[in-house]
>>> print(open('query22.txt').read())   # compact mmCIF, N, CA, C and O atoms
# COMPACT_ATOMS: atom_id res chain seq x y z
N MET S 1 11.42 -15.56 -12.60
CA MET S 1 10.97 -14.85 -11.42
C MET S 1 9.76 -15.60 -10.86
O MET S 1 8.82 -15.89 -11.58
N ASN S 2 9.80 -15.90 -9.58
CA ASN S 2 8.68 -16.63 -9.01
C ASN S 2 7.58 -15.67 -8.57
O ASN S 2 7.75 -14.46 -8.51
N GLU S 3 6.41 -16.24 -8.27
CA GLU S 3 5.24 -15.45 -7.91
C GLU S 3 5.47 -14.61 -6.66
O GLU S 3 5.07 -13.45 -6.59
N LEU S 4 6.16 -15.17 -5.66
CA LEU S 4 6.41 -14.44 -4.42
C LEU S 4 7.27 -13.20 -4.69
O LEU S 4 7.00 -12.12 -4.18
N THR S 5 8.30 -13.36 -5.52
CA THR S 5 9.16 -12.24 -5.86
C THR S 5 8.36 -11.15 -6.57
O THR S 5 8.48 -9.98 -6.25
N THR S 6 7.51 -11.55 -7.51
CA THR S 6 6.70 -10.58 -8.24
C THR S 6 5.78 -9.82 -7.31
O THR S 6 5.70 -8.60 -7.36
N HIS S 7 5.09 -10.52 -6.41
CA HIS S 7 4.20 -9.83 -5.48
C HIS S 7 4.96 -8.92 -4.53
O HIS S 7 4.48 -7.84 -4.18
N ASN S 8 6.13 -9.34 -4.12
CA ASN S 8 6.95 -8.50 -3.25
C ASN S 8 7.38 -7.23 -3.99
O ASN S 8 7.39 -6.14 -3.42
N GLN S 9 7.72 -7.36 -5.26
CA GLN S 9 8.11 -6.20 -6.05
C GLN S 9 6.94 -5.23 -6.24
O GLN S 9 7.11 -4.02 -6.16
N ILE S 10 5.76 -5.79 -6.47
CA ILE S 10 4.57 -4.96 -6.62
C ILE S 10 4.31 -4.20 -5.32
O ILE S 10 4.09 -2.99 -5.32
N PHE S 11 4.32 -4.93 -4.21
CA PHE S 11 4.10 -4.29 -2.90
C PHE S 11 5.12 -3.19 -2.67
O PHE S 11 4.76 -2.07 -2.28
N SER S 12 6.39 -3.49 -2.91
CA SER S 12 7.47 -2.51 -2.66
C SER S 12 7.28 -1.24 -3.48
O SER S 12 7.39 -0.13 -2.96
N ARG S 13 6.96 -1.41 -4.75
CA ARG S 13 6.77 -0.26 -5.64
C ARG S 13 5.56 0.57 -5.21
O ARG S 13 5.63 1.80 -5.11
N ARG S 14 4.46 -0.10 -4.92
CA ARG S 14 3.25 0.62 -4.54
C ARG S 14 3.42 1.34 -3.20
O ARG S 14 2.92 2.45 -3.01
N LEU S 15 4.10 0.70 -2.27
CA LEU S 15 4.32 1.33 -0.97
C LEU S 15 5.09 2.64 -1.15
O LEU S 15 4.70 3.68 -0.61
N LYS S 16 6.14 2.59 -1.91
CA LYS S 16 6.94 3.80 -2.13
C LYS S 16 6.14 4.87 -2.86
O LYS S 16 6.17 6.06 -2.48
N GLU S 17 5.41 4.47 -3.90
CA GLU S 17 4.63 5.43 -4.68
C GLU S 17 3.61 6.17 -3.81
O GLU S 17 3.51 7.39 -3.86
N ILE S 18 2.85 5.41 -3.03
CA ILE S 18 1.79 6.04 -2.23
C ILE S 18 2.38 6.83 -1.07
O ILE S 18 1.86 7.89 -0.70
N ARG S 19 3.49 6.36 -0.51
CA ARG S 19 4.15 7.12 0.57
C ARG S 19 4.59 8.49 0.05
O ARG S 19 4.34 9.53 0.69
N LEU S 20 5.22 8.50 -1.12
CA LEU S 20 5.68 9.76 -1.70
C LEU S 20 4.50 10.66 -2.08
O LEU S 20 4.56 11.87 -1.86
N ALA S 21 3.44 10.05 -2.62
CA ALA S 21 2.26 10.83 -2.99
C ALA S 21 1.62 11.49 -1.77
O ALA S 21 1.07 12.59 -1.87
N LYS S 22 1.72 10.84 -0.63
CA LYS S 22 1.17 11.40 0.62
C LYS S 22 2.14 12.35 1.31
O LYS S 22 1.82 12.96 2.32
N GLY S 23 3.37 12.46 0.77
CA GLY S 23 4.34 13.39 1.32
C GLY S 23 4.94 12.97 2.65
O GLY S 23 5.31 13.82 3.45
N LEU S 24 5.03 11.66 2.86
CA LEU S 24 5.57 11.15 4.14
C LEU S 24 6.99 10.64 3.97
O LEU S 24 7.32 10.02 2.95
N SER S 25 7.81 10.88 4.96
CA SER S 25 9.14 10.27 4.98
C SER S 25 8.97 8.80 5.39
O SER S 25 7.93 8.40 5.95
N GLN S 26 9.98 8.01 5.16
CA GLN S 26 9.94 6.61 5.58
C GLN S 26 9.78 6.53 7.10
O GLN S 26 8.98 5.73 7.60
N LYS S 27 10.50 7.34 7.80
CA LYS S 27 10.44 7.31 9.26
C LYS S 27 9.05 7.69 9.75
O LYS S 27 8.48 7.01 10.62
N ARG S 28 8.49 8.76 9.21
CA ARG S 28 7.16 9.22 9.66
C ARG S 28 6.11 8.16 9.38
O ARG S 28 5.25 7.90 10.23
N LEU S 29 6.15 7.55 8.20
CA LEU S 29 5.19 6.49 7.87
C LEU S 29 5.31 5.35 8.86
O LEU S 29 4.31 4.85 9.38
N GLY S 30 6.53 4.93 9.13
CA GLY S 30 6.74 3.83 10.06
C GLY S 30 6.19 4.14 11.44
O GLY S 30 5.51 3.31 12.05
N ILE S 31 6.45 5.32 11.92
CA ILE S 31 5.97 5.72 13.25
C ILE S 31 4.43 5.74 13.27
O ILE S 31 3.81 5.22 14.20
N LEU S 32 3.83 6.33 12.25
CA LEU S 32 2.37 6.39 12.19
C LEU S 32 1.74 4.99 12.12
O LEU S 32 0.63 4.78 12.58
N ALA S 33 2.49 4.04 11.54
CA ALA S 33 2.01 2.66 11.42
C ALA S 33 2.30 1.83 12.66
O ALA S 33 2.02 0.64 12.69
N GLY S 34 2.89 2.46 13.67
CA GLY S 34 3.12 1.76 14.93
C GLY S 34 4.45 1.05 15.04
O GLY S 34 4.66 0.25 15.94
N ILE S 35 5.37 1.36 14.15
CA ILE S 35 6.71 0.77 14.21
C ILE S 35 7.56 1.64 15.12
O ILE S 35 7.48 2.88 15.08
N ASP S 36 8.38 1.02 15.94
CA ASP S 36 9.24 1.74 16.87
C ASP S 36 10.04 2.80 16.11
O ASP S 36 10.63 2.53 15.07
N GLU S 37 10.06 4.01 16.66
CA GLU S 37 10.69 5.13 15.96
C GLU S 37 12.18 4.92 15.66
O GLU S 37 12.71 5.50 14.71
N PHE S 38 12.86 4.10 16.45
CA PHE S 38 14.29 3.90 16.23
C PHE S 38 14.59 3.00 15.04
O PHE S 38 15.71 3.00 14.53
N VAL S 39 13.60 2.24 14.59
CA VAL S 39 13.80 1.35 13.44
C VAL S 39 12.82 1.64 12.31
O VAL S 39 12.86 0.98 11.28
N ALA S 40 11.95 2.63 12.49
CA ALA S 40 10.88 2.90 11.53
C ALA S 40 11.41 3.17 10.12
O ALA S 40 10.95 2.57 9.15
N SER S 41 12.37 4.05 9.99
CA SER S 41 12.92 4.40 8.69
C SER S 41 13.56 3.19 8.01
O SER S 41 13.33 2.93 6.83
N THR S 42 14.35 2.45 8.75
CA THR S 42 15.03 1.28 8.21
C THR S 42 14.03 0.22 7.75
O THR S 42 14.18 -0.37 6.68
N ARG S 43 13.01 -0.03 8.55
CA ARG S 43 12.01 -1.05 8.20
C ARG S 43 11.26 -0.68 6.93
O ARG S 43 11.11 -1.49 6.02
N ILE S 44 10.80 0.57 6.85
CA ILE S 44 10.07 1.00 5.65
C ILE S 44 11.00 0.95 4.44
O ILE S 44 10.61 0.50 3.36
N ASN S 45 12.24 1.37 4.61
CA ASN S 45 13.21 1.32 3.52
C ASN S 45 13.39 -0.12 3.02
O ASN S 45 13.42 -0.37 1.81
N ARG S 46 13.49 -1.06 3.93
CA ARG S 46 13.67 -2.46 3.53
C ARG S 46 12.43 -3.02 2.87
O ARG S 46 12.52 -3.84 1.96
N TYR S 47 11.25 -2.57 3.29
CA TYR S 47 10.03 -2.99 2.61
C TYR S 47 10.00 -2.43 1.19
O TYR S 47 9.67 -3.13 0.23
N GLU S 48 10.37 -1.17 1.04
CA GLU S 48 10.35 -0.52 -0.27
C GLU S 48 11.41 -1.10 -1.22
O GLU S 48 11.22 -1.10 -2.42
N LYS S 49 12.49 -1.55 -0.68
CA LYS S 49 13.54 -2.15 -1.51
C LYS S 49 13.32 -3.64 -1.75
O LYS S 49 14.04 -4.26 -2.53
N GLY S 50 12.35 -4.22 -1.06
CA GLY S 50 12.06 -5.63 -1.23
C GLY S 50 13.00 -6.55 -0.47
O GLY S 50 13.01 -7.75 -0.69
N VAL S 51 13.79 -5.98 0.43
CA VAL S 51 14.72 -6.77 1.23
C VAL S 51 13.95 -7.63 2.23
O VAL S 51 14.27 -8.79 2.45
N HIS S 52 12.91 -7.04 2.82
CA HIS S 52 12.04 -7.76 3.75
C HIS S 52 10.60 -7.62 3.27
O HIS S 52 10.25 -6.63 2.63
N GLN S 53 9.81 -8.60 3.62
CA GLN S 53 8.40 -8.54 3.28
C GLN S 53 7.60 -8.31 4.56
O GLN S 53 7.80 -9.01 5.56
N ALA S 54 6.72 -7.34 4.52
CA ALA S 54 5.90 -7.01 5.69
C ALA S 54 4.83 -8.08 5.89
O ALA S 54 4.26 -8.57 4.91
N ASN S 55 4.56 -8.41 7.15
CA ASN S 55 3.47 -9.36 7.40
C ASN S 55 2.14 -8.62 7.24
O ASN S 55 2.08 -7.39 7.17
N ILE S 56 1.07 -9.39 7.20
CA ILE S 56 -0.24 -8.81 6.90
C ILE S 56 -0.67 -7.77 7.93
O ILE S 56 -1.30 -6.77 7.57
N GLU S 57 -0.32 -7.97 9.18
CA GLU S 57 -0.70 -6.99 10.20
C GLU S 57 -0.04 -5.64 9.95
O GLU S 57 -0.67 -4.59 10.09
N VAL S 58 1.23 -5.67 9.56
CA VAL S 58 1.95 -4.42 9.26
C VAL S 58 1.35 -3.77 8.01
O VAL S 58 1.13 -2.55 7.98
N VAL S 59 1.04 -4.57 7.00
CA VAL S 59 0.45 -4.02 5.78
C VAL S 59 -0.92 -3.40 6.09
O VAL S 59 -1.26 -2.35 5.55
N GLN S 60 -1.68 -4.01 6.97
CA GLN S 60 -2.97 -3.44 7.36
C GLN S 60 -2.76 -2.08 8.05
O GLN S 60 -3.52 -1.13 7.79
N GLN S 61 -1.75 -1.98 8.88
CA GLN S 61 -1.46 -0.70 9.54
C GLN S 61 -1.02 0.36 8.51
O GLN S 61 -1.45 1.50 8.57
N LEU S 62 -0.17 -0.05 7.58
CA LEU S 62 0.28 0.87 6.53
C LEU S 62 -0.90 1.32 5.68
O LEU S 62 -1.03 2.50 5.35
N SER S 63 -1.76 0.38 5.36
CA SER S 63 -2.95 0.66 4.56
C SER S 63 -3.83 1.70 5.26
O SER S 63 -4.31 2.65 4.62
N ALA S 64 -4.03 1.55 6.55
CA ALA S 64 -4.85 2.48 7.31
C ALA S 64 -4.22 3.88 7.34
O ALA S 64 -4.91 4.88 7.11
N VAL S 65 -2.93 3.94 7.59
CA VAL S 65 -2.23 5.23 7.66
C VAL S 65 -2.26 5.92 6.30
O VAL S 65 -2.49 7.13 6.21
N LEU S 66 -2.04 5.16 5.25
CA LEU S 66 -1.97 5.73 3.90
C LEU S 66 -3.34 5.91 3.25
O LEU S 66 -3.44 6.47 2.16
N GLU S 67 -4.36 5.42 3.94
CA GLU S 67 -5.75 5.53 3.46
C GLU S 67 -5.94 4.91 2.08
O GLU S 67 -6.48 5.52 1.16
N VAL S 68 -5.46 3.69 1.94
CA VAL S 68 -5.63 2.92 0.71
C VAL S 68 -6.16 1.54 1.07
O VAL S 68 -5.87 1.03 2.16
N PRO S 69 -6.92 0.93 0.17
CA PRO S 69 -7.37 -0.43 0.45
C PRO S 69 -6.19 -1.40 0.46
O PRO S 69 -5.21 -1.21 -0.27
N LEU S 70 -6.28 -2.41 1.27
CA LEU S 70 -5.23 -3.41 1.36
C LEU S 70 -4.91 -4.00 -0.01
O LEU S 70 -3.75 -4.22 -0.35
N ALA S 71 -5.94 -4.23 -0.80
CA ALA S 71 -5.76 -4.84 -2.13
C ALA S 71 -4.86 -3.99 -3.04
O ALA S 71 -4.22 -4.53 -3.95
N TYR S 72 -4.81 -2.70 -2.80
CA TYR S 72 -3.97 -1.81 -3.60
C TYR S 72 -2.52 -2.29 -3.65
O TYR S 72 -1.86 -2.20 -4.68
N PHE S 73 -2.05 -2.81 -2.55
CA PHE S 73 -0.64 -3.22 -2.47
C PHE S 73 -0.35 -4.51 -3.22
O PHE S 73 0.80 -4.83 -3.47
N TYR S 74 -1.38 -5.25 -3.56
CA TYR S 74 -1.15 -6.60 -4.10
C TYR S 74 -1.66 -6.85 -5.51
O TYR S 74 -1.26 -7.82 -6.13
N THR S 75 -2.56 -6.02 -6.02
CA THR S 75 -3.06 -6.28 -7.36
C THR S 75 -1.95 -6.08 -8.39
O THR S 75 -1.19 -5.12 -8.32
N GLU S 76 -1.87 -7.01 -9.32
CA GLU S 76 -0.83 -6.94 -10.35
C GLU S 76 -1.16 -5.91 -11.42
O GLU S 76 -0.28 -5.41 -12.11
N ASP S 77 -2.43 -5.59 -11.57
CA ASP S 77 -2.93 -4.70 -12.61
C ASP S 77 -2.87 -3.24 -12.13
O ASP S 77 -3.55 -2.87 -11.17
N ASP S 78 -2.07 -2.43 -12.80
CA ASP S 78 -1.93 -1.03 -12.40
C ASP S 78 -3.22 -0.25 -12.56
O ASP S 78 -3.51 0.66 -11.77
N ASP S 79 -4.01 -0.57 -13.59
CA ASP S 79 -5.29 0.11 -13.77
C ASP S 79 -6.24 -0.22 -12.62
O ASP S 79 -6.93 0.66 -12.11
N LEU S 80 -6.24 -1.47 -12.20
CA LEU S 80 -7.09 -1.86 -11.07
C LEU S 80 -6.62 -1.15 -9.79
O LEU S 80 -7.44 -0.71 -8.99
N ALA S 81 -5.33 -1.01 -9.62
CA ALA S 81 -4.81 -0.29 -8.46
C ALA S 81 -5.32 1.15 -8.46
O ALA S 81 -5.73 1.67 -7.41
N SER S 82 -5.33 1.79 -9.63
CA SER S 82 -5.85 3.15 -9.73
C SER S 82 -7.33 3.19 -9.41
O SER S 82 -7.81 4.12 -8.74
N LEU S 83 -8.07 2.20 -9.90
CA LEU S 83 -9.50 2.13 -9.60
C LEU S 83 -9.75 1.97 -8.11
O LEU S 83 -10.67 2.57 -7.55
N LEU S 84 -8.93 1.17 -7.46
CA LEU S 84 -9.08 0.98 -6.01
C LEU S 84 -8.88 2.29 -5.26
O LEU S 84 -9.59 2.58 -4.30
N LEU S 85 -7.92 3.08 -5.71
CA LEU S 85 -7.69 4.37 -5.06
C LEU S 85 -8.88 5.30 -5.27
O LEU S 85 -9.28 6.03 -4.36
N GLY S 86 -9.47 5.26 -6.47
CA GLY S 86 -10.63 6.09 -6.75
C GLY S 86 -11.87 5.61 -6.02
O GLY S 86 -12.70 6.41 -5.57
N TRP S 87 -12.00 4.29 -5.89
CA TRP S 87 -13.17 3.69 -5.27
C TRP S 87 -13.38 4.18 -3.84
O TRP S 87 -14.49 4.50 -3.44
N ILE S 88 -12.29 4.26 -3.09
CA ILE S 88 -12.42 4.64 -1.67
C ILE S 88 -12.82 6.10 -1.51
O ILE S 88 -13.28 6.50 -0.45
N LYS S 89 -12.68 6.89 -2.57
CA LYS S 89 -13.03 8.31 -2.50
C LYS S 89 -14.47 8.58 -2.95
O LYS S 89 -14.98 9.66 -2.77
N MET S 90 -15.09 7.56 -3.55
CA MET S 90 -16.44 7.73 -4.09
C MET S 90 -17.51 7.63 -3.02
O MET S 90 -17.36 6.87 -2.06
N ASP S 91 -18.58 8.36 -3.24
CA ASP S 91 -19.72 8.23 -2.34
C ASP S 91 -20.51 6.97 -2.70
O ASP S 91 -20.30 6.36 -3.76
N ALA S 92 -21.41 6.61 -1.83
CA ALA S 92 -22.17 5.36 -1.98
C ALA S 92 -22.98 5.32 -3.27
O ALA S 92 -23.09 4.27 -3.91
N GLU S 93 -23.54 6.44 -3.67
CA GLU S 93 -24.36 6.48 -4.89
C GLU S 93 -23.53 6.19 -6.14
O GLU S 93 -23.95 5.44 -7.02
N LYS S 94 -22.37 6.77 -6.23
CA LYS S 94 -21.49 6.50 -7.37
C LYS S 94 -21.07 5.03 -7.40
O LYS S 94 -21.02 4.42 -8.46
N LYS S 95 -20.77 4.49 -6.25
CA LYS S 95 -20.41 3.08 -6.18
C LYS S 95 -21.55 2.19 -6.66
O LYS S 95 -21.33 1.24 -7.41
N LYS S 96 -22.78 2.52 -6.27
CA LYS S 96 -23.95 1.76 -6.71
C LYS S 96 -24.10 1.79 -8.23
O LYS S 96 -24.38 0.78 -8.86
N ARG S 97 -23.91 2.98 -8.81
CA ARG S 97 -24.04 3.12 -10.27
C ARG S 97 -22.97 2.32 -11.01
O ARG S 97 -23.25 1.68 -12.01
N ILE S 98 -21.77 2.35 -10.49
CA ILE S 98 -20.68 1.57 -11.12
C ILE S 98 -20.96 0.08 -11.02
O ILE S 98 -20.81 -0.66 -11.99
N LEU S 99 -21.39 -0.35 -9.86
CA LEU S 99 -21.71 -1.78 -9.69
C LEU S 99 -22.86 -2.20 -10.59
O LEU S 99 -22.86 -3.33 -11.11
N ALA S 100 -23.83 -1.33 -10.80
CA ALA S 100 -24.95 -1.64 -11.70
C ALA S 100 -24.47 -1.81 -13.13
O ALA S 100 -24.99 -2.65 -13.87
N LEU S 101 -23.48 -1.03 -13.54
CA LEU S 101 -22.93 -1.16 -14.88
C LEU S 101 -22.20 -2.48 -15.10
O LEU S 101 -22.18 -3.03 -16.20
N MET S 102 -21.67 -2.99 -14.02
CA MET S 102 -20.92 -4.25 -14.13
C MET S 102 -21.88 -5.42 -14.18
O MET S 102 -21.67 -6.43 -14.68
>>> encode(input="query22.txt", output="structure tokens")
Amino acid sequence: MNELTTHNQIFSRRLKEIRLAKGLSQKRLGILAGIDEFVASTRINRYEKGVHQANIEVVQQLSAVLEVPLAYFYTEDDDLASLLLGWIKMDAEKKKRILALM
């Protein structure tokens, strides 16, 4: 398995997981991300299945709609992905304390 395939699989899995966690249909997510409503469901489905890879602009739109950091879609480490989701919910003081520990 090459690196591109692995990253595409990670992106596809994470996209589906976070979409379902947010309670959005494929079509609704696509529309909110600025994809034409007539192809929104199909496009998101193909991204989730790994048939097509979204370009960075589309991933940025998906990231904004889903309220997750862009890095969430690409990190290979599942624990780090969970930390990224928690990080965006933390206030500035908690972030400072965590950074001081590191």
>>> residues_around(input="query22.txt", residues="segment 6-17 of chain S", least_positions_apart="6", cutoff="10 Å", atoms="only C-alpha atoms", output="JSON list (two decimals) with N, CA, C and O atoms, in the coordinates of the input")
[["chain", "number", "residue", "atom", "x", "y", "z"],
["S", 23, "GLY", "N", 3.37, 12.46, 0.77],
["S", 23, "GLY", "CA", 4.34, 13.39, 1.32],
["S", 23, "GLY", "C", 4.94, 12.97, 2.65],
["S", 23, "GLY", "O", 5.31, 13.82, 3.45],
["S", 24, "LEU", "N", 5.03, 11.66, 2.86],
["S", 24, "LEU", "CA", 5.57, 11.15, 4.14],
["S", 24, "LEU", "C", 6.99, 10.64, 3.97],
["S", 24, "LEU", "O", 7.32, 10.02, 2.95],
["S", 25, "SER", "N", 7.81, 10.88, 4.96],
["S", 25, "SER", "CA", 9.14, 10.27, 4.98],
["S", 25, "SER", "C", 8.97, 8.80, 5.39],
["S", 25, "SER", "O", 7.93, 8.40, 5.95],
["S", 26, "GLN", "N", 9.98, 8.01, 5.16],
["S", 26, "GLN", "CA", 9.94, 6.61, 5.58],
["S", 26, "GLN", "C", 9.78, 6.53, 7.10],
["S", 26, "GLN", "O", 8.98, 5.73, 7.60],
["S", 44, "ILE", "N", 10.80, 0.57, 6.85],
["S", 44, "ILE", "CA", 10.07, 1.00, 5.65],
["S", 44, "ILE", "C", 11.00, 0.95, 4.44],
["S", 44, "ILE", "O", 10.61, 0.50, 3.36],
["S", 45, "ASN", "N", 12.24, 1.37, 4.61],
["S", 45, "ASN", "CA", 13.21, 1.32, 3.52],
["S", 45, "ASN", "C", 13.39, -0.12, 3.02],
["S", 45, "ASN", "O", 13.42, -0.37, 1.81],
["S", 46, "ARG", "N", 13.49, -1.06, 3.93],
["S", 46, "ARG", "CA", 13.67, -2.46, 3.53],
["S", 46, "ARG", "C", 12.43, -3.02, 2.87],
["S", 46, "ARG", "O", 12.52, -3.84, 1.96],
["S", 47, "TYR", "N", 11.25, -2.57, 3.29],
["S", 47, "TYR", "CA", 10.03, -2.99, 2.61],
["S", 47, "TYR", "C", 10.00, -2.43, 1.19],
["S", 47, "TYR", "O", 9.67, -3.13, 0.23],
["S", 48, "GLU", "N", 10.37, -1.17, 1.04],
["S", 48, "GLU", "CA", 10.35, -0.52, -0.27],
["S", 48, "GLU", "C", 11.41, -1.10, -1.22],
["S", 48, "GLU", "O", 11.22, -1.10, -2.42],
["S", 49, "LYS", "N", 12.49, -1.55, -0.68],
["S", 49, "LYS", "CA", 13.54, -2.15, -1.51],
["S", 49, "LYS", "C", 13.32, -3.64, -1.75],
["S", 49, "LYS", "O", 14.04, -4.26, -2.53],
["S", 50, "GLY", "N", 12.35, -4.22, -1.06],
["S", 50, "GLY", "CA", 12.06, -5.63, -1.23],
["S", 50, "GLY", "C", 13.00, -6.55, -0.47],
["S", 50, "GLY", "O", 13.01, -7.75, -0.69],
["S", 51, "VAL", "N", 13.79, -5.98, 0.43],
["S", 51, "VAL", "CA", 14.72, -6.77, 1.23],
["S", 51, "VAL", "C", 13.95, -7.63, 2.23],
["S", 51, "VAL", "O", 14.27, -8.79, 2.45],
["S", 52, "HIS", "N", 12.91, -7.04, 2.82],
["S", 52, "HIS", "CA", 12.04, -7.76, 3.75],
["S", 52, "HIS", "C", 10.60, -7.62, 3.27],
["S", 52, "HIS", "O", 10.25, -6.63, 2.63],
["S", 53, "GLN", "N", 9.81, -8.60, 3.62],
["S", 53, "GLN", "CA", 8.40, -8.54, 3.28],
["S", 53, "GLN", "C", 7.60, -8.31, 4.56],
["S", 53, "GLN", "O", 7.80, -9.01, 5.56],
["S", 54, "ALA", "N", 6.72, -7.34, 4.52],
["S", 54, "ALA", "CA", 5.90, -7.01, 5.69],
["S", 54, "ALA", "C", 4.83, -8.08, 5.89],
["S", 54, "ALA", "O", 4.26, -8.57, 4.91],
["S", 59, "VAL", "N", 1.04, -4.57, 7.00],
["S", 59, "VAL", "CA", 0.45, -4.02, 5.78],
["S", 59, "VAL", "C", -0.92, -3.40, 6.09],
["S", 59, "VAL", "O", -1.26, -2.35, 5.55],
["S", 62, "LEU", "N", -0.17, -0.05, 7.58],
["S", 62, "LEU", "CA", 0.28, 0.87, 6.53],
["S", 62, "LEU", "C", -0.90, 1.32, 5.68],
["S", 62, "LEU", "O", -1.03, 2.50, 5.35],
["S", 63, "SER", "N", -1.76, 0.38, 5.36],
["S", 63, "SER", "CA", -2.95, 0.66, 4.56],
["S", 63, "SER", "C", -3.83, 1.70, 5.26],
["S", 63, "SER", "O", -4.31, 2.65, 4.62],
["S", 66, "LEU", "N", -2.04, 5.16, 5.25],
["S", 66, "LEU", "CA", -1.97, 5.73, 3.90],
["S", 66, "LEU", "C", -3.34, 5.91, 3.25],
["S", 66, "LEU", "O", -3.44, 6.47, 2.16],
["S", 71, "ALA", "N", -5.94, -4.23, -0.80],
["S", 71, "ALA", "CA", -5.76, -4.84, -2.13],
["S", 71, "ALA", "C", -4.86, -3.99, -3.04],
["S", 71, "ALA", "O", -4.22, -4.53, -3.95],
["S", 72, "TYR", "N", -4.81, -2.70, -2.80],
["S", 72, "TYR", "CA", -3.97, -1.81, -3.60],
["S", 72, "TYR", "C", -2.52, -2.29, -3.65],
["S", 72, "TYR", "O", -1.86, -2.20, -4.68],
["S", 73, "PHE", "N", -2.05, -2.81, -2.55],
["S", 73, "PHE", "CA", -0.64, -3.22, -2.47],
["S", 73, "PHE", "C", -0.35, -4.51, -3.22],
["S", 73, "PHE", "O", 0.80, -4.83, -3.47],
["S", 74, "TYR", "N", -1.38, -5.25, -3.56],
["S", 74, "TYR", "CA", -1.15, -6.60, -4.10],
["S", 74, "TYR", "C", -1.66, -6.85, -5.51],
["S", 74, "TYR", "O", -1.26, -7.82, -6.13],
["S", 75, "THR", "N", -2.56, -6.02, -6.02],
["S", 75, "THR", "CA", -3.06, -6.28, -7.36],
["S", 75, "THR", "C", -1.95, -6.08, -8.39],
["S", 75, "THR", "O", -1.19, -5.12, -8.32],
["S", 76, "GLU", "N", -1.87, -7.01, -9.32],
["S", 76, "GLU", "CA", -0.83, -6.94, -10.35],
["S", 76, "GLU", "C", -1.16, -5.91, -11.42],
["S", 76, "GLU", "O", -0.28, -5.41, -12.11],
["S", 77, "ASP", "N", -2.43, -5.59, -11.57],
["S", 77, "ASP", "CA", -2.93, -4.70, -12.61],
["S", 77, "ASP", "C", -2.87, -3.24, -12.13],
["S", 77, "ASP", "O", -3.55, -2.87, -11.17],
["S", 78, "ASP", "N", -2.07, -2.43, -12.80],
["S", 78, "ASP", "CA", -1.93, -1.03, -12.40],
["S", 78, "ASP", "C", -3.22, -0.25, -12.56],
["S", 78, "ASP", "O", -3.51, 0.66, -11.77],
["S", 81, "ALA", "N", -5.33, -1.01, -9.62],
["S", 81, "ALA", "CA", -4.81, -0.29, -8.46],
["S", 81, "ALA", "C", -5.32, 1.15, -8.46],
["S", 81, "ALA", "O", -5.73, 1.67, -7.41]]
>>> residues_around(input="query22.txt", residues="Gly34 of chain S", least_positions_apart="2", cutoff="12 Å", atoms="only C-alpha atoms", output="PyMOL selection string")
chain S and resi 27-32+36-41+43-44+57-62+64-65
>>> atom_distance(input="query22.txt", atom1="atom O of Lys95 of chain S", atom2="atom CA of Ser82 of chain S")
15.8 Å
>>> atom_distance(input="query22.txt", atom1="atom C of Glu67 of chain S", atom2="atom C of Arg97 of chain S")
21.6 Å
>>> axis_aligned_box(input="query22.txt", around="segment 52-68 of chain S", padding_each_side="5 Å", output="AutoDock Vina command-line options")
--center_x 3.2 --center_y -1.1 --center_z 5.5 --size_x 29.4 --size_y 26.5 --size_z 19.5
>>> atom_distance(input="query22.txt", atom1="atom O of Thr42 of chain S", atom2="atom C of Leu84 of chain S")
26.1 Å
